[in-house]
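Asks: I'm passing along model.cif; it holds mmCIF, C-alpha atoms (C1' of nucleotides).
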data_final
#
loop_
_atom_site.group_PDB
_atom_site.id
_atom_site.type_symbol
_atom_site.label_atom_id
_atom_site.label_comp_id
_atom_site.auth_asym_id
_atom_site.auth_seq_id
_atom_site.Cartn_x
_atom_site.Cartn_y
_atom_site.Cartn_z
ATOM 1 C CA MET A 43 -21.779 22.473 -7.787
ATOM 2 C CA ASN A 44 -20.121 19.127 -8.065
ATOM 3 C CA ARG A 45 -18.649 18.544 -4.649
ATOM 4 C CA GLN A 46 -21.448 16.845 -2.890
ATOM 5 C CA LEU A 47 -20.721 13.246 -2.031
ATOM 6 C CA SER A 48 -20.263 12.182 1.567
ATOM 7 C CA ILE A 49 -17.725 9.495 2.388
ATOM 8 C CA GLN A 50 -20.601 7.125 2.986
ATOM 9 C CA ALA A 51 -22.017 7.750 -0.459
ATOM 10 C CA VAL A 52 -18.620 7.197 -2.062
ATOM 11 C CA SER A 53 -18.186 4.032 -0.068
ATOM 12 C CA ARG A 54 -21.459 2.704 -1.427
ATOM 13 C CA LEU A 55 -20.620 3.766 -4.974
ATOM 14 C CA THR A 56 -17.115 2.344 -5.059
ATOM 15 C CA GLY A 57 -17.418 -0.614 -2.745
ATOM 16 C CA LEU A 58 -14.427 0.678 -0.791
ATOM 17 C CA SER A 59 -14.879 0.962 2.967
ATOM 18 C CA ARG A 60 -14.854 4.389 4.605
ATOM 19 C CA HIS A 61 -11.712 3.324 6.419
ATOM 20 C CA THR A 62 -10.073 2.487 3.112
ATOM 21 C CA LEU A 63 -11.100 5.777 1.538
ATOM 22 C CA ARG A 64 -9.451 7.693 4.373
ATOM 23 C CA TYR A 65 -6.449 5.416 4.157
ATOM 24 C CA TYR A 66 -6.028 6.065 0.428
ATOM 25 C CA GLU A 67 -6.123 9.785 1.012
ATOM 26 C CA ARG A 68 -3.574 9.562 3.822
ATOM 27 C CA GLU A 69 -1.305 7.529 1.566
ATOM 28 C CA GLY A 70 -1.396 10.196 -1.104
ATOM 29 C CA LEU A 71 -3.287 8.138 -3.640
ATOM 30 C CA MET A 72 -5.830 10.834 -4.361
ATOM 31 C CA LEU A 73 -5.029 13.482 -6.926
ATOM 32 C CA ASP A 74 -5.485 16.159 -4.281
ATOM 33 C CA PRO A 75 -6.597 16.193 -0.680
ATOM 34 C CA ILE A 76 -10.340 15.845 -0.655
ATOM 35 C CA VAL A 77 -12.280 19.071 -0.222
ATOM 36 C CA ARG A 78 -13.913 19.535 3.202
ATOM 37 C CA ALA A 79 -17.263 20.937 4.246
ATOM 38 C CA SER A 80 -17.177 23.593 6.953
ATOM 39 C CA SER A 81 -17.798 20.764 9.395
ATOM 40 C CA GLY A 82 -14.551 19.141 8.313
ATOM 41 C CA HIS A 83 -16.411 16.332 6.586
ATOM 42 C CA ARG A 84 -15.057 15.133 3.240
ATOM 43 C CA ARG A 85 -16.954 16.165 0.140
ATOM 44 C CA TYR A 86 -16.048 14.088 -2.874
ATOM 45 C CA SER A 87 -16.528 15.397 -6.393
ATOM 46 C CA THR A 88 -17.434 13.253 -9.372
ATOM 47 C CA ASP A 89 -13.819 13.744 -10.498
ATOM 48 C CA ASP A 90 -12.684 12.158 -7.265
ATOM 49 C CA LEU A 91 -15.038 9.317 -8.006
ATOM 50 C CA GLY A 92 -13.572 8.861 -11.480
ATOM 51 C CA TRP A 93 -10.068 8.854 -10.100
ATOM 52 C CA LEU A 94 -11.055 6.261 -7.494
ATOM 53 C CA GLU A 95 -12.239 4.046 -10.301
ATOM 54 C CA MET A 96 -8.736 4.215 -11.775
ATOM 55 C CA VAL A 97 -7.172 3.542 -8.379
ATOM 56 C CA THR A 98 -9.431 0.541 -7.941
ATOM 57 C CA CYS A 99 -8.457 -0.715 -11.377
ATOM 58 C CA LEU A 100 -4.767 -0.445 -10.574
ATOM 59 C CA ARG A 101 -5.159 -2.079 -7.173
ATOM 60 C CA ALA A 102 -7.279 -4.925 -8.528
ATOM 61 C CA THR A 103 -4.636 -5.633 -11.141
ATOM 62 C CA GLY A 104 -1.997 -5.909 -8.469
ATOM 63 C CA MET A 105 -0.286 -2.551 -8.535
ATOM 64 C CA PRO A 106 1.193 -1.802 -5.111
ATOM 65 C CA ILE A 107 0.082 1.307 -3.255
ATOM 66 C CA ARG A 108 3.461 2.991 -3.649
ATOM 67 C CA HIS A 109 3.261 2.815 -7.444
ATOM 68 C CA ILE A 110 -0.204 4.293 -7.450
ATOM 69 C CA ARG A 111 1.109 7.076 -5.251
ATOM 70 C CA ARG A 112 3.845 7.669 -7.794
ATOM 71 C CA PHE A 113 1.278 7.753 -10.565
ATOM 72 C CA ALA A 114 -0.824 10.285 -8.660
ATOM 73 C CA GLU A 115 2.262 12.435 -8.110
ATOM 74 C CA LEU A 116 3.001 12.439 -11.826
ATOM 75 C CA CYS A 117 -0.556 13.470 -12.577
ATOM 76 C CA ARG A 118 -0.282 16.335 -10.113
ATOM 77 C CA GLN A 119 2.921 17.566 -11.695
ATOM 78 C CA GLY A 120 1.209 18.469 -14.907
ATOM 79 C CA GLU A 121 1.353 17.704 -18.602
ATOM 80 C CA ASP A 122 5.113 17.332 -18.774
ATOM 81 C CA THR A 123 4.869 13.978 -17.052
ATOM 82 C CA VAL A 124 2.624 12.357 -19.639
ATOM 83 C CA PRO A 125 5.488 10.276 -21.081
ATOM 84 C CA GLN A 126 6.337 8.925 -17.622
ATOM 85 C CA ARG A 127 2.701 8.133 -16.975
ATOM 86 C CA ILE A 128 2.552 6.217 -20.230
ATOM 87 C CA GLU A 129 5.678 4.323 -19.303
ATOM 88 C CA LEU A 130 4.303 3.458 -15.896
ATOM 89 C CA LEU A 131 1.027 2.203 -17.332
ATOM 90 C CA GLU A 132 2.703 0.350 -20.201
ATOM 91 C CA SER A 133 4.924 -1.542 -17.850
ATOM 92 C CA HIS A 134 1.997 -2.350 -15.624
ATOM 93 C CA ARG A 135 0.057 -3.593 -18.616
ATOM 94 C CA ALA A 136 2.938 -5.818 -19.685
ATOM 95 C CA GLU A 137 3.141 -7.298 -16.215
ATOM 96 C CA LEU A 138 -0.607 -7.799 -16.149
ATOM 97 C CA LEU A 139 -0.574 -9.599 -19.495
ATOM 98 C CA ARG A 140 2.198 -11.865 -18.280
ATOM 99 C CA HIS A 141 0.153 -12.607 -15.178
ATOM 100 C CA MET A 142 -2.983 -13.321 -17.175
ATOM 101 C CA ARG A 143 -1.154 -15.763 -19.419
ATOM 102 C CA GLU A 144 0.227 -17.474 -16.349
ATOM 103 C CA LEU A 145 -3.259 -17.797 -14.927
ATOM 104 C CA GLU A 146 -4.476 -19.374 -18.142
ATOM 105 C CA GLY A 147 -1.851 -22.062 -17.845
ATOM 106 C CA TYR A 148 -2.792 -22.748 -14.242
ATOM 107 C CA LEU A 149 -6.466 -22.798 -15.136
ATOM 108 C CA GLU A 150 -5.770 -25.618 -17.555
ATOM 109 C CA MET A 151 -3.830 -27.487 -14.929
ATOM 110 C CA ILE A 152 -6.759 -27.255 -12.530
ATOM 111 C CA ALA A 153 -9.147 -28.399 -15.247
ATOM 112 C CA ARG A 154 -6.974 -31.438 -15.943
ATOM 113 C CA LYS A 155 -6.915 -32.306 -12.257
ATOM 114 C CA ILE A 156 -10.686 -32.087 -12.067
ATOM 115 C CA ASP A 157 -11.024 -34.286 -15.151
ATOM 116 C CA TYR A 158 -8.701 -36.801 -13.580
ATOM 117 C CA TYR A 159 -10.750 -36.891 -10.381
ATOM 118 C CA GLU A 160 -13.937 -37.296 -12.348
ATOM 119 C CA GLY A 161 -12.415 -40.302 -14.065
ATOM 120 C CA GLU A 162 -11.495 -41.710 -10.660
ATOM 121 C CA GLN A 163 -15.005 -41.212 -9.452
ATOM 122 C CA ARG A 164 -16.507 -43.042 -12.411
ATOM 123 C CA ARG A 165 -14.124 -45.954 -12.022
ATOM 124 C CA ALA A 166 -14.944 -46.184 -8.313
ATOM 125 C CA SER A 167 -18.706 -46.237 -8.860
ATOM 126 C CA VAL A 168 -18.398 -48.909 -11.544
ATOM 127 C CA ALA A 169 -16.266 -51.054 -9.263
ATOM 128 C CA ALA A 170 -18.835 -50.685 -6.497
ATOM 129 C CA VAL A 171 -21.654 -52.234 -8.514
ATOM 130 C CA PRO A 172 -21.832 -56.035 -8.085
ATOM 131 C CA ASP A 173 -22.038 -58.034 -11.351
ATOM 132 C CA SER A 174 -25.513 -59.296 -10.567
ATOM 133 C CA VAL A 175 -26.811 -55.716 -10.508
ATOM 134 C CA ALA A 176 -24.661 -54.385 -13.306
ATOM 135 C CA VAL A 177 -25.753 -56.966 -15.872
ATOM 136 C CA MET B 298 15.225 -45.223 -5.219
ATOM 137 C CA ASN B 299 13.241 -42.082 -5.692
ATOM 138 C CA ARG B 300 13.847 -40.138 -2.528
ATOM 139 C CA GLN B 301 16.935 -38.258 -3.434
ATOM 140 C CA LEU B 302 16.389 -34.555 -3.727
ATOM 141 C CA SER B 303 17.882 -32.173 -1.182
ATOM 142 C CA ILE B 304 15.929 -29.101 -0.156
ATOM 143 C CA GLN B 305 18.346 -27.025 -2.178
ATOM 144 C CA ALA B 306 17.673 -29.056 -5.306
ATOM 145 C CA VAL B 307 13.927 -28.737 -4.821
ATOM 146 C CA SER B 308 14.296 -25.037 -4.259
ATOM 147 C CA ARG B 309 16.090 -24.702 -7.588
ATOM 148 C CA LEU B 310 13.564 -26.875 -9.376
ATOM 149 C CA THR B 311 10.453 -25.196 -7.999
ATOM 150 C CA GLY B 312 11.639 -21.645 -7.547
ATOM 151 C CA LEU B 313 10.408 -21.762 -3.961
ATOM 152 C CA SER B 314 12.910 -20.684 -1.304
ATOM 153 C CA ARG B 315 14.212 -23.232 1.192
ATOM 154 C CA HIS B 316 12.497 -21.218 3.898
ATOM 155 C CA THR B 317 9.222 -21.476 2.046
ATOM 156 C CA LEU B 318 9.580 -25.213 1.504
ATOM 157 C CA ARG B 319 10.004 -25.742 5.252
ATOM 158 C CA TYR B 320 7.146 -23.364 5.913
ATOM 159 C CA TYR B 321 4.823 -25.292 3.607
ATOM 160 C CA GLU B 322 5.667 -28.507 5.363
ATOM 161 C CA ARG B 323 5.097 -26.967 8.801
ATOM 162 C CA GLU B 324 1.754 -25.649 7.614
ATOM 163 C CA GLY B 325 0.630 -29.116 6.568
ATOM 164 C CA LEU B 326 0.566 -28.376 2.856
ATOM 165 C CA MET B 327 2.575 -31.448 1.909
ATOM 166 C CA LEU B 328 0.772 -34.724 1.409
ATOM 167 C CA ASP B 329 2.925 -36.289 4.117
ATOM 168 C CA PRO B 330 5.845 -35.100 6.207
ATOM 169 C CA ILE B 331 8.927 -35.201 3.992
ATOM 170 C CA VAL B 332 11.151 -38.263 4.473
ATOM 171 C CA ARG B 333 14.446 -37.598 6.264
ATOM 172 C CA ALA B 334 17.951 -38.906 5.669
ATOM 173 C CA SER B 335 19.720 -40.373 8.713
ATOM 174 C CA SER B 336 21.246 -36.918 9.165
ATOM 175 C CA GLY B 337 17.774 -35.468 9.577
ATOM 176 C CA HIS B 338 17.991 -33.682 6.226
ATOM 177 C CA ARG B 339 14.895 -33.660 4.058
ATOM 178 C CA ARG B 340 14.853 -35.980 1.053
ATOM 179 C CA TYR B 341 12.173 -35.093 -1.443
ATOM 180 C CA SER B 342 10.767 -37.665 -3.865
ATOM 181 C CA THR B 343 9.596 -36.898 -7.373
ATOM 182 C CA ASP B 344 6.074 -37.339 -6.022
ATOM 183 C CA ASP B 345 6.732 -34.534 -3.575
ATOM 184 C CA LEU B 346 7.943 -32.461 -6.490
ATOM 185 C CA GLY B 347 4.746 -33.167 -8.429
ATOM 186 C CA TRP B 348 2.623 -32.227 -5.454
ATOM 187 C CA LEU B 349 4.579 -29.000 -5.011
ATOM 188 C CA GLU B 350 3.717 -28.135 -8.584
ATOM 189 C CA MET B 351 0.046 -28.414 -7.680
ATOM 190 C CA VAL B 352 0.562 -26.361 -4.531
ATOM 191 C CA THR B 353 2.324 -23.698 -6.565
ATOM 192 C CA CYS B 354 -0.533 -23.686 -9.042
ATOM 193 C CA LEU B 355 -3.089 -23.196 -6.301
ATOM 194 C CA ARG B 356 -1.073 -20.481 -4.585
ATOM 195 C CA ALA B 357 -0.414 -18.615 -7.827
ATOM 196 C CA THR B 358 -4.119 -18.615 -8.561
ATOM 197 C CA GLY B 359 -4.834 -17.056 -5.200
ATOM 198 C CA MET B 360 -5.896 -19.982 -3.063
ATOM 199 C CA PRO B 361 -5.123 -19.230 0.594
ATOM 200 C CA ILE B 362 -2.793 -21.530 2.508
ATOM 201 C CA ARG B 363 -5.607 -22.847 4.702
ATOM 202 C CA HIS B 364 -7.569 -24.111 1.708
ATOM 203 C CA ILE B 365 -4.549 -25.876 0.294
ATOM 204 C CA ARG B 366 -4.081 -27.486 3.706
ATOM 205 C CA ARG B 367 -7.680 -28.649 3.547
ATOM 206 C CA PHE B 368 -7.113 -30.053 0.084
ATOM 207 C CA ALA B 369 -4.020 -31.934 1.257
ATOM 208 C CA GLU B 370 -5.999 -33.346 4.184
ATOM 209 C CA LEU B 371 -8.672 -34.632 1.823
ATOM 210 C CA CYS B 372 -6.045 -36.278 -0.344
ATOM 211 C CA ARG B 373 -4.548 -37.974 2.700
ATOM 212 C CA GLN B 374 -7.927 -39.321 3.770
ATOM 213 C CA GLY B 375 -8.219 -41.572 0.736
ATOM 214 C CA GLU B 376 -10.471 -42.193 -2.222
ATOM 215 C CA ASP B 377 -13.705 -41.483 -0.390
ATOM 216 C CA THR B 378 -12.947 -37.781 -0.472
ATOM 217 C CA VAL B 379 -12.722 -37.517 -4.251
ATOM 218 C CA PRO B 380 -16.113 -35.781 -4.489
ATOM 219 C CA GLN B 381 -15.060 -33.171 -1.944
ATOM 220 C CA ARG B 382 -11.791 -32.612 -3.768
ATOM 221 C CA ILE B 383 -13.705 -32.065 -6.986
ATOM 222 C CA GLU B 384 -15.976 -29.614 -5.263
ATOM 223 C CA LEU B 385 -13.048 -27.708 -3.804
ATOM 224 C CA LEU B 386 -11.289 -27.460 -7.159
ATOM 225 C CA GLU B 387 -14.483 -26.610 -9.033
ATOM 226 C CA SER B 388 -15.248 -23.752 -6.752
ATOM 227 C CA HIS B 389 -11.693 -22.525 -7.010
ATOM 228 C CA ARG B 390 -11.905 -22.713 -10.785
ATOM 229 C CA ALA B 391 -15.128 -20.715 -10.801
ATOM 230 C CA GLU B 392 -13.543 -18.055 -8.640
ATOM 231 C CA LEU B 393 -10.472 -17.992 -10.853
ATOM 232 C CA LEU B 394 -12.571 -17.573 -13.986
ATOM 233 C CA ARG B 395 -14.425 -14.723 -12.366
ATOM 234 C CA HIS B 396 -11.140 -13.121 -11.459
ATOM 235 C CA MET B 397 -9.734 -13.554 -14.975
ATOM 236 C CA ARG B 398 -12.762 -11.931 -16.530
ATOM 237 C CA GLU B 399 -12.420 -9.054 -14.112
ATOM 238 C CA LEU B 400 -8.783 -8.636 -15.103
ATOM 239 C CA GLU B 401 -9.753 -8.513 -18.764
ATOM 240 C CA GLY B 402 -12.067 -5.615 -18.056
ATOM 241 C CA TYR B 403 -9.385 -3.771 -16.155
ATOM 242 C CA LEU B 404 -6.848 -4.481 -18.882
ATOM 243 C CA GLU B 405 -9.076 -2.686 -21.334
ATOM 244 C CA MET B 406 -9.449 0.228 -18.995
ATOM 245 C CA ILE B 407 -5.686 0.552 -18.739
ATOM 246 C CA ALA B 408 -5.348 0.333 -22.503
ATOM 247 C CA ARG B 409 -7.885 3.121 -22.934
ATOM 248 C CA LYS B 410 -6.001 5.297 -20.483
ATOM 249 C CA ILE B 411 -2.756 4.715 -22.356
ATOM 250 C CA ASP B 412 -4.438 5.581 -25.645
ATOM 251 C CA TYR B 413 -5.771 8.738 -24.099
ATOM 252 C CA TYR B 414 -2.323 9.771 -22.892
ATOM 253 C CA GLU B 415 -0.826 9.043 -26.286
ATOM 254 C CA GLY B 416 -3.399 11.350 -27.813
ATOM 255 C CA GLU B 417 -2.443 14.018 -25.282
ATOM 256 C CA GLN B 418 1.177 13.605 -26.156
ATOM 257 C CA ARG B 419 0.569 14.038 -29.865
ATOM 258 C CA ARG B 420 -1.533 17.106 -29.303
ATOM 259 C CA ALA B 421 1.159 18.601 -27.075
ATOM 260 C CA SER B 422 3.941 18.048 -29.582
ATOM 261 C CA VAL B 423 1.898 19.580 -32.386
ATOM 262 C CA ALA B 424 1.148 22.606 -30.275
ATOM 263 C CA ALA B 425 4.837 23.001 -29.451
ATOM 264 C CA VAL B 426 5.871 23.339 -33.084
ATOM 265 C CA PRO B 427 5.758 26.960 -34.274
ATOM 266 C CA ASP B 428 3.851 27.491 -37.508
ATOM 267 C CA SER B 429 6.956 28.600 -39.330
ATOM 268 C CA VAL B 430 8.519 25.203 -38.706
ATOM 269 C CA ALA B 431 5.377 23.154 -39.041
ATOM 270 C CA VAL B 432 4.472 24.410 -42.504
ATOM 271 C "C1'" DT C 137 -31.286 21.780 25.803
ATOM 272 C "C1'" DA C 138 -30.337 16.953 25.071
ATOM 273 C "C1'" DT C 139 -29.792 13.337 21.959
ATOM 274 C "C1'" DT C 140 -28.488 11.217 17.869
ATOM 275 C "C1'" DG C 141 -25.706 9.967 14.122
ATOM 276 C "C1'" DA C 142 -22.446 10.803 10.722
ATOM 277 C "C1'" DC C 143 -18.277 12.342 10.527
ATOM 278 C "C1'" DC C 144 -13.310 13.631 12.107
ATOM 279 C "C1'" DT C 145 -8.040 12.301 13.553
ATOM 280 C "C1'" DC C 146 -4.677 9.385 15.189
ATOM 281 C "C1'" DG C 147 -2.294 5.540 16.418
ATOM 282 C "C1'" DA C 148 -2.511 0.775 17.155
ATOM 283 C "C1'" DG C 149 -3.688 -3.879 15.588
ATOM 284 C "C1'" DC C 150 -4.441 -7.651 12.400
ATOM 285 C "C1'" DG C 151 -4.097 -11.486 8.902
ATOM 286 C "C1'" DC C 152 -1.450 -13.192 5.498
ATOM 287 C "C1'" DG C 153 2.511 -15.265 3.542
ATOM 288 C "C1'" DC C 154 6.512 -15.537 3.893
ATOM 289 C "C1'" DT C 155 11.545 -14.428 5.598
ATOM 290 C "C1'" DC C 156 15.234 -14.381 8.699
ATOM 291 C "C1'" DG C 157 18.746 -15.702 11.790
ATOM 292 C "C1'" DA C 158 20.585 -17.872 16.013
ATOM 293 C "C1'" DA C 159 22.235 -22.017 17.691
ATOM 294 C "C1'" DG C 160 23.073 -26.699 16.943
ATOM 295 C "C1'" DT C 161 24.071 -31.206 14.070
ATOM 296 C "C1'" DT C 162 26.025 -33.914 10.402
ATOM 297 C "C1'" DG C 163 29.147 -35.368 6.810
ATOM 298 C "C1'" DT C 164 32.987 -34.673 3.904
ATOM 299 C "C1'" DA C 165 37.563 -32.789 2.409
ATOM 300 C "C1'" DG C 166 42.177 -31.319 3.620
ATOM 301 C "C1'" DC D 133 41.672 -33.030 14.134
ATOM 302 C "C1'" DT D 134 39.852 -29.059 11.877
ATOM 303 C "C1'" DA D 135 37.255 -26.432 8.934
ATOM 304 C "C1'" DC D 136 33.505 -25.909 6.160
ATOM 305 C "C1'" DA D 137 29.092 -26.318 3.945
ATOM 306 C "C1'" DA D 138 24.656 -27.787 4.101
ATOM 307 C "C1'" DC D 139 21.413 -28.771 6.618
ATOM 308 C "C1'" DT D 140 18.178 -28.863 11.160
ATOM 309 C "C1'" DT D 141 14.515 -26.475 14.603
ATOM 310 C "C1'" DC D 142 12.430 -22.690 16.586
ATOM 311 C "C1'" DG D 143 10.606 -18.398 17.412
ATOM 312 C "C1'" DA D 144 10.655 -13.768 16.042
ATOM 313 C "C1'" DG D 145 10.190 -10.213 12.481
ATOM 314 C "C1'" DC D 146 8.584 -8.003 8.280
ATOM 315 C "C1'" DG D 147 5.892 -5.738 4.462
ATOM 316 C "C1'" DC D 148 1.616 -5.120 2.794
ATOM 317 C "C1'" DG D 149 -2.979 -3.468 2.796
ATOM 318 C "C1'" DC D 150 -6.106 -2.623 5.195
ATOM 319 C "C1'" DT D 151 -9.163 -2.420 9.663
ATOM 320 C "C1'" DC D 152 -10.470 -0.887 14.049
ATOM 321 C "C1'" DG D 153 -11.778 1.921 17.812
ATOM 322 C "C1'" DA D 154 -11.187 5.647 21.232
ATOM 323 C "C1'" DG D 155 -12.229 10.185 21.886
ATOM 324 C "C1'" DG D 156 -13.874 14.349 19.915
ATOM 325 C "C1'" DT D 157 -16.685 17.741 16.676
ATOM 326 C "C1'" DC D 158 -20.715 19.265 14.339
ATOM 327 C "C1'" DA D 159 -25.548 19.886 12.703
ATOM 328 C "C1'" DA D 160 -30.119 18.530 12.684
ATOM 329 C "C1'" DT D 161 -34.132 16.917 15.305
ATOM 330 C "C1'" DA D 162 -37.261 15.952 19.467
#
What would you get if you wrote out this structure as structure tokens?

Replies:
Amino acid sequence: MNRQLSIQAVSRLTGLSRHTLRYYEREGLMLDPIVRASSGHRRYSTDDLGWLEMVTCLRATGMPIRHIRRFAELCRQGEDTVPQRIELLESHRAELLRHMRELEGYLEMIARKIDYYEGEQRRASVAAVPDSVAV
Amino acid sequence: MNRQLSIQAVSRLTGLSRHTLRYYEREGLMLDPIVRASSGHRRYSTDDLGWLEMVTCLRATGMPIRHIRRFAELCRQGEDTVPQRIELLESHRAELLRHMRELEGYLEMIARKIDYYEGEQRRASVAAVPDSVAV
DNA sequence: TATTGACCTCGAGCGCGCTCGAAGTTGTAG
DNA sequence: CTACAACTTCGAGCGCGCTCGAGGTCAATA
């Protein structure tokens, strides 16, 4: 079967800590509670892994935990919620685009500051050279 | 003179709350402690305003408070620290670029998910139409 | 049988960046 | 003289997203 990954394996594969994986499950971010071995140990499926990739994507783009929980709930509720899921993702995408454009502006500002400092540095080193050496 | 802006005015101009402006000063993010009126009230100069723009830029691009403090300290220490300031900004820029590229990847992932859902939606609506109506 | 190590749950703790509000001062308008 | 608004300092509190560790279970190995 497919349900074979230990929490440690998933941690290695996703880069999320074991603590974080348990935390995400507790917070209802997983599609369903993770299946357990008879020992009680979590056994992740490759589907779980795929879903975690989506969760990681949403987190890394700044979506708060509670929105991801909402998204997971919609997914659990079945096909009828597809329009709401689209809406949720569309609005997140819009926000992300806004953020990315903002970052581009700030990136330019930082570049200009660096350029300015580099000018300063050149001027300083020129000033430091005595005429007798410079000529 | 130039030192004329109340904290309220600066709050309006920067979008930072009055609480945050005091917090930034306490945390040593300002180039120098803000000049006070005889009443003890803060009077910001246009230079302060310009510096706050830089601080906002660094914050918005994810630089932690302690690094901005470090940057402010370097600026206070005079021209000798220009190389270190360049280094600090360069490394921040590199990190920011990395982050922006990451976001682009995630943006695509979100777009693909939306496309997928839109496909689902179309399929569902087709299936819901009885043949007698559809033809 | 004893040890080891990976896992479990649960509740508490932490670092960050604000955010708030109590209590007091100052300056102006009525 | 009073009332009010805008400020001051100071220390506490909050929301978020983890992060940690104590105490216990389970299965395989020496």

Asks: Can you check which residues of chain C have any atom within 10 Å of chain A? Use only C-alpha atoms (C1' of nucleotides) and format it as a list in words.

Replies: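 Putting it all together, I get DA142, DC143 and DC144 of chain C.
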
Asks: For the provided coordinates, the residues matched by the PyMOL selection byres ((chain B) within 6 of (chain A)) should be stated as a ChimeraX atom specification.

Replies: /B:354,383,403,411

Asks: Specify as a list in words each residue included when the PyMOL selection byres ((chain A) within 10 of (chain D)) is applied to this file.

Replies: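 Given this file, the PyMOL selection byres ((chain A) within 10 of (chain D)) evaluates to Ser59, His61, Thr62, Tyr65, Tyr66, Ser80, Ser81, Gly82, His83, Pro106 and Ile107 of chain A.
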
Asks: Considering only C-alpha atoms (C1' of nucleotides), return as an NGL selection string whatever protein or nucleic-acid residues lie within 12 Å of Asp344 of chain B, sequence-local ones (same chain, fewer than 3 positions apart) excluded.

Replies: :B and (299-302 or 307 or 327-329 or 331-332 or 340-341 or 347-351)

Asks: Suppose you want the space between atom CA of His364 of chain B and atom C1' of DC152 of chain C; what is it in Å?

Replies: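 Pair atom CA of His364 of chain B / atom C1' of DC152 of chain C returns 13.1 Å.
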
Asks: Nearest to Arg323 of chain B among B:Arg366, B:Ser388, B:Ala424, B:Leu346, with distances taken over only C-alpha atoms: which residue is it?

Replies: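 Smallest distance to Arg323 of chain B is found for B:Arg366.
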
Asks: Please report the interatomic distance between atom CA of Gly161 of chain A and atom CA of Arg367 of chain B in Å with one decimal.

Replies: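 According to the coordinates, atom CA of Gly161 of chain A and atom CA of Arg367 of chain B are separated by 21.6 Å.
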
Asks: Calculate how many Å separate atom CA of Arg363 of chain B from atom CA of Ala334 of chain B, rounding to one decimal.

Replies: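 Atom-to-atom, atom CA of Arg363 of chain B and atom CA of Ala334 of chain B are spaced 28.5 Å apart.
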
Asks: Go ahead and fit an axis-aligned box to every listed atom of segment 134-142 of chain D plus 6 Å each side, and pass me the centre and edge lengths in Å, one decimal, as AutoDock Vina command-line options.

Replies:
--center_x 26.1 --center_y -25.9 --center_z 10.3 --size_x 39.4 --size_y 18.4 --size_z 24.6
